[in-house]
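Engineer: Could you have a look at this structure, given as structure tokens, before my questions?
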Amino acid sequence: MINVDNKYRLFPFWSWNDKLDKKELIKQIDWMHESGIGGFFMHARGGLTTPYLSEEWFECIKACEKRAKELNMEAYAYDENGWPSGFVGGKLLEDLENHCMYITYNIDKYDEKASVSYDISGKKLKRITSGENVLNIYLTNSESDTDICSKKVVDQFIKLTHEEYKKNNIYGNLRGFFTDEPQYYRWVTAYSRVLPEYFSKTYNEDIFDGIGLLFVEKEGYREFRYKYWKSMQRLMLDNFAKNIYDWCDKNNFKLTGHYCEENFLEGQMWCCAGVMPFYEFEHIPGIDYLGRELIRNPGARQLGSVASQLNKEQRMAEIFACAGWDATPNELKLIAEYAMVGGVNILCPHLLPYSEHGQRKRDYPEHYSSINPWVNKGFKSFNDYFAELGEKLAKSREIANIGILHPIRSTYSAYKFDLPCRGLAEIDKLFLEDNLYFEKMHLPFHYLDETILENHGSVKDKRLIVGSYKYDYIIYDISHIILSIFHNC
């Protein structure tokens with residue numbers, strides 16, 4: 001085995017998807033160790049019959065933590081039973097007040113069942129309680145997701161999940177937690193119960209005077225939408241991301257994982273109104289990088305930008321899911337190397353199942369376990385290669401003096417859930433084309449996120465400074481043809 005610290009080796013999603021047996025768990029850890037794997041994420045997943053977060057569950061966790069310590073491997077817990085993170089395997093959904101909410105609307109006659117209604121006949125919205133051509137707004141509880149914009153809800157999540165793992169960390173080798181796809185609500189226009197109070201305190205406005213502007217382009221809609229989505233991001237950032245990060249930091253755990261749909265602007269608006277600020281609040285920031293095609297997307301570059309600016313050495317990608325059973329090692333190598341060009345240096349292969357019988361064998365293959373012929377034959381060499389490459393990248397510093405202002409804030413006023421591509425097709429197209437343009441030209445660059453700039457940006461000696469990086473060239477206008485390049489700011 002090459003001499004590489006285990007923290008730079010592969011960390012697979014170890015799918016706990018059946019009745020768990022401690023002897024079998026330890027046997028699989030030993031196989032991982034022999035295969036050059038450095039650690040694992042213990043991931044409650046479909047098919048699990050051992051009760052989640054039960055005494056039996058934690059006995060299995062402790063046995064794996066103990067064996068990992070003996071082998072100098074790193075054991076991490078996955079923070080949920082399924083995904084997205086935040087519902088404690090369904091426990092928090094027992095109270096309707098913990099559910100997230102969403103907004104729907106119609107344009108019809110006035111409906112007394114609507115949460116708020118507006119006259120839309122003029123240039124401005126006007127709240128009304130009667131009429132025919134009326135915009136009716138409905139606030140509805142989600143059936144399946146919790147409100148991670150609410151600190152009260154997230155505090156319960158921490159108490160019932162993270163605190164329980166802390167109590168059971170008797171060998172002191174549980175390194176941290178993987179959080180998976182947290183989001184405010186992706187399936188309709190997102191809303192939170194805590195939003196009206198925040199909006200009032202921040203902007204001195206009644207949110208219900210303008211919430212209809214999310215759906216019609218009346219006077220002031222751009223400003224309102226900007227405030228709305230910035231507020232939703234801020235609430236999720238403070239009450240979920242920073243809240244859990246601070247708890248982990250205080251209790252000597254590392255937080256890793258990934259947020260949702262980071263590879264395009266439309267997806268970011270579905271889930272978090274811009275993914276880059278969330279990387280500040282992970283000890284090992286991560287992305288989702290799934291499928292087998294080398295899609296030229298900005299996900300890894302967004303991650304690498306913030307991680308470089310804020311000196312976060314380790315950067316992880318959940319990778320290879322949905323590649324199919326026929327994906328070759330060479331294909332997987334190309335996918336991983338492309339992610340590493342963007343800034344990734346640790347791979348989390350998806351999936352290593354505890355059990356393969358029945359439906360489990362069809363869980364987003366291919367699977368990186370002993371049932372896979374090439375894995376049985378060559379997985380250690382594959383792992384050694386990426387461990388050595390990952391360590392070299394982690395201990396290196398990227399040279400980049402070009403900063404591109406990330407366009408996510410430009411999408412706030414255009415985003416509308418029921419439009420094709422949510423109204424963002426053109427800007428997403430230009431964004432992806434520009435990402436590809438700079439890669440083809442071999443021009444090293446970082447994205448500049450406005451929230452990161454606000455907290456970590458400055459100007460000195462006519463150069464823009466973001467964290468530990470200084471930029472000579474700033475591109476602030478996303479376009480198919482680069483319109484505005486300024487030298488020395």
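The way I read the labels, and the way they are meant: chains A, B, ... in the order of the structure tokens, residue 1 as the first residue of every chain, and ligand 1 as the first ligand shown, with later ones counted on from there.
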Can you list, as a PyMOL selection string, every protein, DNA or RNA residue that comes within 8 Å of Phe58 (chain A) when you count only C-alpha atoms, leaving out same-chain residues fewer than 5 positions away?
Structural biologist: chain A and resi 53+165+168
Engineer: Looking only at strand (DSSP E) from DSSP on the backbone, list the matching residues of region 135-359 of chain A as JSON, numbers by chain.
Structural biologist: {"A": [135, 136, 137, 138, 139, 140, 141, 142, 143, 144, 145, 146, 174, 175, 176, 177, 178, 179, 180, 189, 190, 191, 254, 255, 256, 257, 258, 284, 285, 286, 287, 288, 289, 316, 317, 318, 319, 346, 347, 348, 349, 352, 353]}
Engineer: What is the distance between CA of Tyr171 (chain A) and CA of Asn72 (chain A), in Å to one decimal?
Structural biologist: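 Pair CA of Tyr171 (chain A) / CA of Asn72 (chain A) returns 12.5 Å.
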Engineer: I'd like the contact shell of Val153 (chain A) - 8 Å cut-off, only C-alpha atoms, skipping same-chain residues fewer than 6 positions apart - returned as a list in words.
Structural biologist: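 Here the answer would be Leu92, Asn98, Thr146 and Asp147 of chain A.
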Engineer: Kindly export the residues of the current selection with N, CA and C atoms, as a PDB file, in the first residue's frame.
Structural biologist:
```
ATOM      1  N   LEU A  92     -39.465  14.149  13.340  1.00  0.00           N
ATOM      2  CA  LEU A  92     -39.873  15.551  13.390  1.00  0.00           C
ATOM      3  C   LEU A  92     -41.148  15.818  12.595  1.00  0.00           C
ATOM      4  N   ASN A  98     -43.381  21.535  12.458  1.00  0.00           N
ATOM      5  CA  ASN A  98     -42.018  21.327  11.964  1.00  0.00           C
ATOM      6  C   ASN A  98     -41.945  21.213  10.449  1.00  0.00           C
ATOM      7  N   THR A 146     -39.090  18.847   6.454  1.00  0.00           N
ATOM      8  CA  THR A 146     -39.087  19.762   7.590  1.00  0.00           C
ATOM      9  C   THR A 146     -38.554  21.132   7.182  1.00  0.00           C
ATOM     10  N   ASP A 147     -38.839  22.121   7.995  1.00  0.00           N
ATOM     11  CA  ASP A 147     -38.466  23.507   7.715  1.00  0.00           C
ATOM     12  C   ASP A 147     -37.083  23.786   8.276  1.00  0.00           C
TER      13      ASP A 147
END
```
Engineer: For region 28-44 of chain A, work out the shell of residues within 9 Å, counting only C-alpha atoms and skipping chain neighbours fewer than 5 positions away, then give it as a VMD selection string.
Structural biologist: chain A and resid 1 5 to 17 23 52 61 64 67 to 68 71 to 82 177 to 178 348 354 369 to 370 375 to 376 378 to 384 387
Engineer: Save out the residues we just selected, N, CA and C atoms, as a compact mmCIF listing (two decimals), in the first residue's frame.
Structural biologist:
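The result, written out as selection_18.txt:
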```txt
# COMPACT_ATOMS: atom_id res chain seq x y z
N MET A 1 0.84 -1.20 0.00
CA MET A 1 0.00 0.00 0.00
C MET A 1 0.87 1.25 0.00
N ASP A 5 -1.93 9.27 3.90
CA ASP A 5 -2.82 9.39 5.06
C ASP A 5 -4.23 8.95 4.66
N ASN A 6 -4.87 8.17 5.52
CA ASN A 6 -6.20 7.66 5.21
C ASN A 6 -7.22 8.76 4.94
N LYS A 7 -7.00 9.96 5.47
CA LYS A 7 -7.99 11.02 5.26
C LYS A 7 -8.06 11.48 3.82
N TYR A 8 -7.06 11.07 2.98
CA TYR A 8 -7.09 11.41 1.57
C TYR A 8 -7.59 10.26 0.70
N ARG A 9 -7.89 9.13 1.31
CA ARG A 9 -8.34 7.97 0.55
C ARG A 9 -9.85 8.04 0.29
N LEU A 10 -10.35 7.05 -0.45
CA LEU A 10 -11.77 7.01 -0.77
C LEU A 10 -12.60 6.74 0.48
N PHE A 11 -13.75 7.40 0.56
CA PHE A 11 -14.71 7.23 1.65
C PHE A 11 -16.05 6.87 1.04
N PRO A 12 -16.37 5.61 0.86
CA PRO A 12 -17.62 5.26 0.18
C PRO A 12 -18.85 5.50 1.05
N PHE A 13 -19.97 5.71 0.36
CA PHE A 13 -21.28 5.60 1.00
C PHE A 13 -21.51 4.12 1.29
N TRP A 14 -21.44 3.76 2.57
CA TRP A 14 -21.66 2.39 2.98
C TRP A 14 -23.13 2.26 3.35
N SER A 15 -23.89 1.67 2.45
CA SER A 15 -25.35 1.64 2.58
C SER A 15 -25.77 0.57 3.57
N TRP A 16 -26.30 1.01 4.71
CA TRP A 16 -26.85 0.07 5.69
C TRP A 16 -28.32 -0.14 5.32
N ASN A 17 -28.59 -1.25 4.66
CA ASN A 17 -29.86 -1.42 3.97
C ASN A 17 -30.55 -2.75 4.29
N LYS A 23 -20.88 -8.77 13.24
CA LYS A 23 -19.80 -9.56 12.64
C LYS A 23 -19.68 -9.29 11.15
N TYR A 52 -33.71 2.62 13.23
CA TYR A 52 -32.80 3.77 13.14
C TYR A 52 -32.71 4.51 14.47
N ILE A 61 -23.04 0.99 15.38
CA ILE A 61 -22.18 2.15 15.16
C ILE A 61 -20.91 2.04 15.99
N CYS A 64 -18.43 -0.60 14.68
CA CYS A 64 -17.73 -0.13 13.47
C CYS A 64 -16.71 0.95 13.81
N ARG A 67 -13.68 -0.83 15.31
CA ARG A 67 -12.85 -1.51 14.31
C ARG A 67 -12.11 -0.50 13.44
N ALA A 68 -12.76 0.58 13.10
CA ALA A 68 -12.10 1.61 12.31
C ALA A 68 -10.90 2.18 13.06
N LEU A 71 -7.91 -0.06 12.84
CA LEU A 71 -7.29 -0.08 11.51
C LEU A 71 -6.84 1.30 11.05
N ASN A 72 -6.95 2.29 11.94
CA ASN A 72 -6.59 3.67 11.60
C ASN A 72 -7.42 4.20 10.43
N MET A 73 -8.68 3.76 10.37
CA MET A 73 -9.62 4.28 9.37
C MET A 73 -10.50 5.34 10.01
N GLU A 74 -11.21 6.09 9.19
CA GLU A 74 -12.04 7.18 9.69
C GLU A 74 -13.52 6.84 9.50
N ALA A 75 -14.26 6.86 10.60
CA ALA A 75 -15.68 6.53 10.57
C ALA A 75 -16.51 7.81 10.68
N TYR A 76 -17.45 7.97 9.76
CA TYR A 76 -18.37 9.10 9.76
C TYR A 76 -19.81 8.57 9.77
N ALA A 77 -20.69 9.32 10.42
CA ALA A 77 -22.11 9.01 10.39
C ALA A 77 -22.79 9.83 9.31
N TYR A 78 -23.73 9.22 8.63
CA TYR A 78 -24.67 9.93 7.77
C TYR A 78 -25.78 10.42 8.69
N ASP A 79 -26.21 11.67 8.54
CA ASP A 79 -27.03 12.29 9.59
C ASP A 79 -28.54 12.07 9.45
N GLU A 80 -28.94 11.12 8.62
CA GLU A 80 -30.38 10.94 8.38
C GLU A 80 -30.66 9.50 7.97
N ASN A 81 -31.92 9.13 7.99
CA ASN A 81 -32.38 7.85 7.45
C ASN A 81 -33.05 8.15 6.12
N GLY A 82 -32.24 8.25 5.08
CA GLY A 82 -32.71 8.73 3.79
C GLY A 82 -32.24 10.16 3.57
N PHE A 177 -19.97 14.03 10.50
CA PHE A 177 -21.28 13.76 9.91
C PHE A 177 -21.31 14.17 8.44
N PHE A 178 -22.04 13.38 7.67
CA PHE A 178 -22.34 13.71 6.28
C PHE A 178 -23.78 14.20 6.22
N CYS A 348 -16.08 10.10 -2.71
CA CYS A 348 -17.05 9.30 -1.96
C CYS A 348 -17.82 8.46 -2.97
N TYR A 354 -24.36 -2.79 2.10
CA TYR A 354 -24.22 -3.86 3.10
C TYR A 354 -24.84 -5.14 2.54
N SER A 369 -18.42 -2.99 -4.33
CA SER A 369 -18.32 -4.04 -3.32
C SER A 369 -17.76 -5.29 -3.97
N SER A 370 -17.61 -6.36 -3.19
CA SER A 370 -16.95 -7.56 -3.68
C SER A 370 -17.75 -8.31 -4.74
N VAL A 375 -13.97 -4.57 -9.39
CA VAL A 375 -13.65 -4.09 -8.05
C VAL A 375 -12.87 -5.15 -7.29
N ASN A 376 -13.30 -6.40 -7.40
CA ASN A 376 -12.58 -7.49 -6.74
C ASN A 376 -11.15 -7.59 -7.24
N GLY A 378 -9.29 -5.05 -9.14
CA GLY A 378 -8.40 -3.89 -9.26
C GLY A 378 -8.76 -2.68 -8.43
N PHE A 379 -9.65 -2.84 -7.44
CA PHE A 379 -10.12 -1.67 -6.69
C PHE A 379 -9.00 -1.02 -5.88
N LYS A 380 -8.10 -1.84 -5.36
CA LYS A 380 -7.03 -1.27 -4.55
C LYS A 380 -6.13 -0.36 -5.39
N SER A 381 -5.80 -0.79 -6.60
CA SER A 381 -4.98 0.06 -7.47
C SER A 381 -5.70 1.36 -7.81
N PHE A 382 -6.99 1.26 -8.09
CA PHE A 382 -7.83 2.42 -8.37
C PHE A 382 -7.81 3.38 -7.18
N ASN A 383 -7.99 2.83 -5.99
CA ASN A 383 -8.02 3.64 -4.78
C ASN A 383 -6.67 4.26 -4.48
N ASP A 384 -5.61 3.49 -4.66
CA ASP A 384 -4.26 4.02 -4.41
C ASP A 384 -3.95 5.19 -5.32
N ALA A 387 -5.92 8.18 -4.11
CA ALA A 387 -5.43 8.61 -2.80
C ALA A 387 -4.17 9.47 -2.97
```
Engineer: When you look at Asn136 (chain A) with a cut-off of 10 Å (counting only C-alpha atoms), what residues show up, excluding the ones that are within fewer than 4 positions of it in the same chain? I need them as a VMD selection string.
Structural biologist: chain A and resid 104 to 119 127 to 128 212
Engineer: Save the residues we just selected, N, CA, C and O atoms, as a PDB file, in the first residue's frame?
Structural biologist:
```pdb
ATOM      1  N   THR A 104     -48.572  28.035  -3.624  1.00  0.00           N
ATOM      2  CA  THR A 104     -49.188  27.869  -4.937  1.00  0.00           C
ATOM      3  C   THR A 104     -50.113  29.069  -5.199  1.00  0.00           C
ATOM      4  O   THR A 104     -50.367  29.866  -4.283  1.00  0.00           O
ATOM      5  N   TYR A 105     -50.589  29.206  -6.415  1.00  0.00           N
ATOM      6  CA  TYR A 105     -51.438  30.355  -6.735  1.00  0.00           C
ATOM      7  C   TYR A 105     -52.371  30.016  -7.888  1.00  0.00           C
ATOM      8  O   TYR A 105     -52.182  29.044  -8.621  1.00  0.00           O
ATOM      9  N   ASN A 106     -53.392  30.827  -8.038  1.00  0.00           N
ATOM     10  CA  ASN A 106     -54.199  30.817  -9.254  1.00  0.00           C
ATOM     11  C   ASN A 106     -54.657  32.242  -9.542  1.00  0.00           C
ATOM     12  O   ASN A 106     -54.579  33.121  -8.674  1.00  0.00           O
ATOM     13  N   ILE A 107     -55.113  32.475 -10.742  1.00  0.00           N
ATOM     14  CA  ILE A 107     -55.736  33.743 -11.117  1.00  0.00           C
ATOM     15  C   ILE A 107     -57.172  33.433 -11.488  1.00  0.00           C
ATOM     16  O   ILE A 107     -57.453  32.799 -12.510  1.00  0.00           O
ATOM     17  N   ASP A 108     -58.077  33.826 -10.632  1.00  0.00           N
ATOM     18  CA  ASP A 108     -59.488  33.452 -10.752  1.00  0.00           C
ATOM     19  C   ASP A 108     -60.298  34.467  -9.939  1.00  0.00           C
ATOM     20  O   ASP A 108     -59.781  35.524  -9.559  1.00  0.00           O
ATOM     21  N   LYS A 109     -61.503  34.142  -9.624  1.00  0.00           N
ATOM     22  CA  LYS A 109     -62.269  34.999  -8.733  1.00  0.00           C
ATOM     23  C   LYS A 109     -61.719  34.878  -7.314  1.00  0.00           C
ATOM     24  O   LYS A 109     -61.024  33.904  -6.971  1.00  0.00           O
ATOM     25  N   TYR A 110     -62.017  35.848  -6.475  1.00  0.00           N
ATOM     26  CA  TYR A 110     -61.536  35.863  -5.096  1.00  0.00           C
ATOM     27  C   TYR A 110     -61.946  34.576  -4.376  1.00  0.00           C
ATOM     28  O   TYR A 110     -63.079  34.117  -4.462  1.00  0.00           O
ATOM     29  N   ASP A 111     -60.965  33.985  -3.657  1.00  0.00           N
ATOM     30  CA  ASP A 111     -61.191  32.755  -2.895  1.00  0.00           C
ATOM     31  C   ASP A 111     -60.925  33.049  -1.429  1.00  0.00           C
ATOM     32  O   ASP A 111     -59.792  33.367  -1.049  1.00  0.00           O
ATOM     33  N   GLU A 112     -61.961  32.930  -0.611  1.00  0.00           N
ATOM     34  CA  GLU A 112     -61.800  33.213   0.817  1.00  0.00           C
ATOM     35  C   GLU A 112     -60.869  32.221   1.500  1.00  0.00           C
ATOM     36  O   GLU A 112     -60.378  32.480   2.605  1.00  0.00           O
ATOM     37  N   LYS A 113     -60.596  31.097   0.850  1.00  0.00           N
ATOM     38  CA  LYS A 113     -59.665  30.120   1.421  1.00  0.00           C
ATOM     39  C   LYS A 113     -58.207  30.478   1.138  1.00  0.00           C
ATOM     40  O   LYS A 113     -57.295  29.857   1.695  1.00  0.00           O
ATOM     41  N   ALA A 114     -57.962  31.459   0.305  1.00  0.00           N
ATOM     42  CA  ALA A 114     -56.595  31.876  -0.012  1.00  0.00           C
ATOM     43  C   ALA A 114     -55.939  32.528   1.202  1.00  0.00           C
ATOM     44  O   ALA A 114     -56.616  33.154   2.036  1.00  0.00           O
ATOM     45  N   SER A 115     -54.634  32.411   1.289  1.00  0.00           N
ATOM     46  CA  SER A 115     -53.891  33.047   2.379  1.00  0.00           C
ATOM     47  C   SER A 115     -53.845  34.557   2.199  1.00  0.00           C
ATOM     48  O   SER A 115     -53.879  35.314   3.176  1.00  0.00           O
ATOM     49  N   VAL A 116     -53.768  35.009   0.968  1.00  0.00           N
ATOM     50  CA  VAL A 116     -53.821  36.427   0.641  1.00  0.00           C
ATOM     51  C   VAL A 116     -54.213  36.534  -0.832  1.00  0.00           C
ATOM     52  O   VAL A 116     -53.888  35.645  -1.633  1.00  0.00           O
ATOM     53  N   SER A 117     -54.925  37.595  -1.191  1.00  0.00           N
ATOM     54  CA  SER A 117     -55.380  37.778  -2.568  1.00  0.00           C
ATOM     55  C   SER A 117     -55.088  39.208  -3.024  1.00  0.00           C
ATOM     56  O   SER A 117     -55.033  40.131  -2.204  1.00  0.00           O
ATOM     57  N   TYR A 118     -54.931  39.383  -4.357  1.00  0.00           N
ATOM     58  CA  TYR A 118     -54.533  40.678  -4.904  1.00  0.00           C
ATOM     59  C   TYR A 118     -55.339  41.014  -6.150  1.00  0.00           C
ATOM     60  O   TYR A 118     -55.620  40.146  -6.992  1.00  0.00           O
ATOM     61  N   ASP A 119     -55.635  42.285  -6.275  1.00  0.00           N
ATOM     62  CA  ASP A 119     -56.109  42.848  -7.535  1.00  0.00           C
ATOM     63  C   ASP A 119     -54.888  43.048  -8.424  1.00  0.00           C
ATOM     64  O   ASP A 119     -53.907  43.680  -8.019  1.00  0.00           O
ATOM     65  N   ARG A 127     -53.834  44.389  -2.195  1.00  0.00           N
ATOM     66  CA  ARG A 127     -54.509  43.351  -1.422  1.00  0.00           C
ATOM     67  C   ARG A 127     -56.011  43.632  -1.376  1.00  0.00           C
ATOM     68  O   ARG A 127     -56.435  44.773  -1.138  1.00  0.00           O
ATOM     69  N   ILE A 128     -56.807  42.561  -1.605  1.00  0.00           N
ATOM     70  CA  ILE A 128     -58.256  42.719  -1.653  1.00  0.00           C
ATOM     71  C   ILE A 128     -58.940  41.534  -0.982  1.00  0.00           C
ATOM     72  O   ILE A 128     -58.304  40.508  -0.691  1.00  0.00           O
ATOM     73  N   GLY A 212     -47.258  38.130  -3.792  1.00  0.00           N
ATOM     74  CA  GLY A 212     -47.806  37.842  -5.124  1.00  0.00           C
ATOM     75  C   GLY A 212     -46.849  38.195  -6.241  1.00  0.00           C
ATOM     76  O   GLY A 212     -46.981  37.691  -7.371  1.00  0.00           O
TER      77      GLY A 212
END
```
Engineer: May I have a table of the residues of region 251-326 of chain A lying at most 7 Å from region 428-444 of chain A, giving each one's closest pair of atoms and their distance in Å to one decimal, counting only C-alpha atoms, ordered by chain and ascending residue number, as JSON lines?
Structural biologist:
```
{"residue": "A:Phe264", "atom": "CA", "partner": "A:Asp428", "partner_atom": "CA", "distance": 6.5}
{"residue": "A:Leu265", "atom": "CA", "partner": "A:Asp428", "partner_atom": "CA", "distance": 5.9}
{"residue": "A:Arg296", "atom": "CA", "partner": "A:Leu436", "partner_atom": "CA", "distance": 6.4}
{"residue": "A:Asn297", "atom": "CA", "partner": "A:Leu432", "partner_atom": "CA", "distance": 6.2}
{"residue": "A:Pro298", "atom": "CA", "partner": "A:Asn435", "partner_atom": "CA", "distance": 6.3}
```
Engineer: Would you write out those residues with N, CA, C and O atoms, as a PDB file, in the first residue's frame?
Structural biologist:
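Output below, filename out.pdb:
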```pdb
ATOM      1  N   PHE A 264     -26.253  23.591 -11.703  1.00  0.00           N
ATOM      2  CA  PHE A 264     -26.827  24.582 -12.617  1.00  0.00           C
ATOM      3  C   PHE A 264     -27.635  25.578 -11.793  1.00  0.00           C
ATOM      4  O   PHE A 264     -28.030  25.303 -10.654  1.00  0.00           O
ATOM      5  N   LEU A 265     -27.877  26.746 -12.356  1.00  0.00           N
ATOM      6  CA  LEU A 265     -28.494  27.833 -11.607  1.00  0.00           C
ATOM      7  C   LEU A 265     -29.945  27.516 -11.256  1.00  0.00           C
ATOM      8  O   LEU A 265     -30.406  27.828 -10.156  1.00  0.00           O
ATOM      9  N   ARG A 296     -19.864  19.169 -18.736  1.00  0.00           N
ATOM     10  CA  ARG A 296     -19.066  20.346 -18.388  1.00  0.00           C
ATOM     11  C   ARG A 296     -19.893  21.265 -17.497  1.00  0.00           C
ATOM     12  O   ARG A 296     -20.502  22.224 -17.950  1.00  0.00           O
ATOM     13  N   ASN A 297     -19.929  20.952 -16.235  1.00  0.00           N
ATOM     14  CA  ASN A 297     -20.719  21.771 -15.321  1.00  0.00           C
ATOM     15  C   ASN A 297     -19.817  22.447 -14.301  1.00  0.00           C
ATOM     16  O   ASN A 297     -18.680  22.027 -14.091  1.00  0.00           O
ATOM     17  N   PRO A 298     -20.307  23.506 -13.664  1.00  0.00           N
ATOM     18  CA  PRO A 298     -19.463  24.309 -12.779  1.00  0.00           C
ATOM     19  C   PRO A 298     -19.418  23.831 -11.333  1.00  0.00           C
ATOM     20  O   PRO A 298     -18.835  24.498 -10.489  1.00  0.00           O
TER      21      PRO A 298
END
```
Engineer: In Å, with one decimal, what is the gap from CA of Arg193 (chain A) to CA of Gln233 (chain A)?
Structural biologist: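 Interatomic distance, CA of Arg193 (chain A) to CA of Gln233 (chain A): 14.1 Å.
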Engineer: Among the residues of region 80-243 of chain A, find those DSSP assigns to alpha helix (DSSP H) from the backbone and print them as number ranges by chain.
Structural biologist: A: 151-157, 163-167, 195-203, 221-236, 243
Engineer: Counting only C-alpha atoms, which of A:Pro84, A:Pro277, A:Gly90, A:Gly220 gets nearest to Thr179 (chain A)?
Structural biologist: A:Pro84
Engineer: Could you give me, as a CSV table (one decimal) with C-alpha atoms, in the first residue's frame, the residues within 7 Å of Asp449 (chain A), counting only C-alpha atoms and dropping anything in the same chain fewer than 3 positions from it?
Structural biologist:
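In the end it all went to around.csv:
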```
chain,number,residue,atom,x,y,z
A,276,MET,CA,-21.5,28.6,-2.7
A,405,LEU,CA,-18.7,37.1,-10.3
A,406,HIS,CA,-21.1,34.3,-9.9
A,452,ILE,CA,-18.6,35.3,0.5
A,453,LEU,CA,-17.4,38.7,-0.9
```
Engineer: Which residues are near Ser305 (chain A)? Cut-off 7 Å, only C-alpha atoms, ignore same chain within fewer than 3 positions. Put them as a ChimeraX atom specification.
Structural biologist: /A:301-302,308-309,446-447
Engineer: For the residues in the current selection, export all heavy atoms as a compact mmCIF listing (two decimals), in the first residue's frame.
Structural biologist:
```txt
# COMPACT_ATOMS: atom_id res chain seq x y z
N ARG A 301 -15.95 23.49 -9.78
CA ARG A 301 -15.26 24.79 -9.77
C ARG A 301 -15.84 25.71 -8.70
O ARG A 301 -15.11 26.47 -8.07
CB ARG A 301 -15.36 25.44 -11.15
CG ARG A 301 -14.69 26.80 -11.27
CD ARG A 301 -13.21 26.78 -10.95
NE ARG A 301 -12.47 25.90 -11.84
CZ ARG A 301 -11.16 25.69 -11.75
NH1 ARG A 301 -10.47 26.29 -10.80
NH2 ARG A 301 -10.56 24.88 -12.59
N GLN A 302 -17.15 25.68 -8.50
CA GLN A 302 -17.75 26.47 -7.41
C GLN A 302 -17.18 26.02 -6.07
O GLN A 302 -16.81 26.83 -5.22
CB GLN A 302 -19.28 26.29 -7.42
CG GLN A 302 -19.96 26.91 -8.61
CD GLN A 302 -21.43 26.53 -8.72
OE1 GLN A 302 -22.22 27.26 -9.29
NE2 GLN A 302 -21.81 25.38 -8.20
N SER A 308 -10.71 27.07 -1.79
CA SER A 308 -9.40 27.71 -1.93
C SER A 308 -9.37 29.05 -1.21
O SER A 308 -8.44 29.35 -0.46
CB SER A 308 -9.07 27.91 -3.41
OG SER A 308 -8.93 26.68 -4.08
N GLN A 309 -10.40 29.85 -1.41
CA GLN A 309 -10.45 31.18 -0.79
C GLN A 309 -10.43 31.10 0.73
O GLN A 309 -9.80 31.92 1.39
CB GLN A 309 -11.70 31.91 -1.27
CG GLN A 309 -11.65 32.31 -2.74
CD GLN A 309 -13.01 32.53 -3.36
OE1 GLN A 309 -14.05 32.35 -2.71
NE2 GLN A 309 -13.05 32.90 -4.63
N HIS A 446 -11.49 31.50 -10.40
CA HIS A 446 -12.40 31.19 -9.31
C HIS A 446 -13.69 31.96 -9.50
O HIS A 446 -13.68 33.08 -10.02
CB HIS A 446 -11.79 31.57 -7.96
CG HIS A 446 -10.68 30.69 -7.51
ND1 HIS A 446 -9.73 31.10 -6.61
CD2 HIS A 446 -10.36 29.40 -7.84
CE1 HIS A 446 -8.87 30.10 -6.39
NE2 HIS A 446 -9.23 29.08 -7.13
N TYR A 447 -14.77 31.38 -9.02
CA TYR A 447 -16.02 32.13 -8.93
C TYR A 447 -16.03 32.97 -7.66
O TYR A 447 -15.50 32.57 -6.62
CB TYR A 447 -17.22 31.18 -8.95
CG TYR A 447 -17.50 30.57 -10.29
CD1 TYR A 447 -17.42 29.20 -10.50
CD2 TYR A 447 -17.85 31.39 -11.38
CE1 TYR A 447 -17.67 28.64 -11.74
CE2 TYR A 447 -18.10 30.84 -12.63
CZ TYR A 447 -18.01 29.46 -12.80
OH TYR A 447 -18.26 28.93 -14.03
```
Engineer: Quick one: distance from CA of Ile103 (chain A) to CA of Ile137 (chain A) in Å, one decimal?
Structural biologist: 6.9 Å
Engineer: For a quick check of understanding, using only C-alpha atoms, which of A:Asn330, A:Ser142, A:Ser150, A:Asn133 has the smallest distance to Asn243 (chain A)?
Structural biologist: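 Result for the nearest residue to Asn243 (chain A): A:Ser150.
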Engineer: Of the candidates A:Glu280, A:Asp21, A:Glu366, A:Asp461, which one gets nearest to Glu56 (chain A) if we count only C-alpha atoms?
Structural biologist: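 Selected residue with least distance to Glu56 (chain A): A:Asp21.
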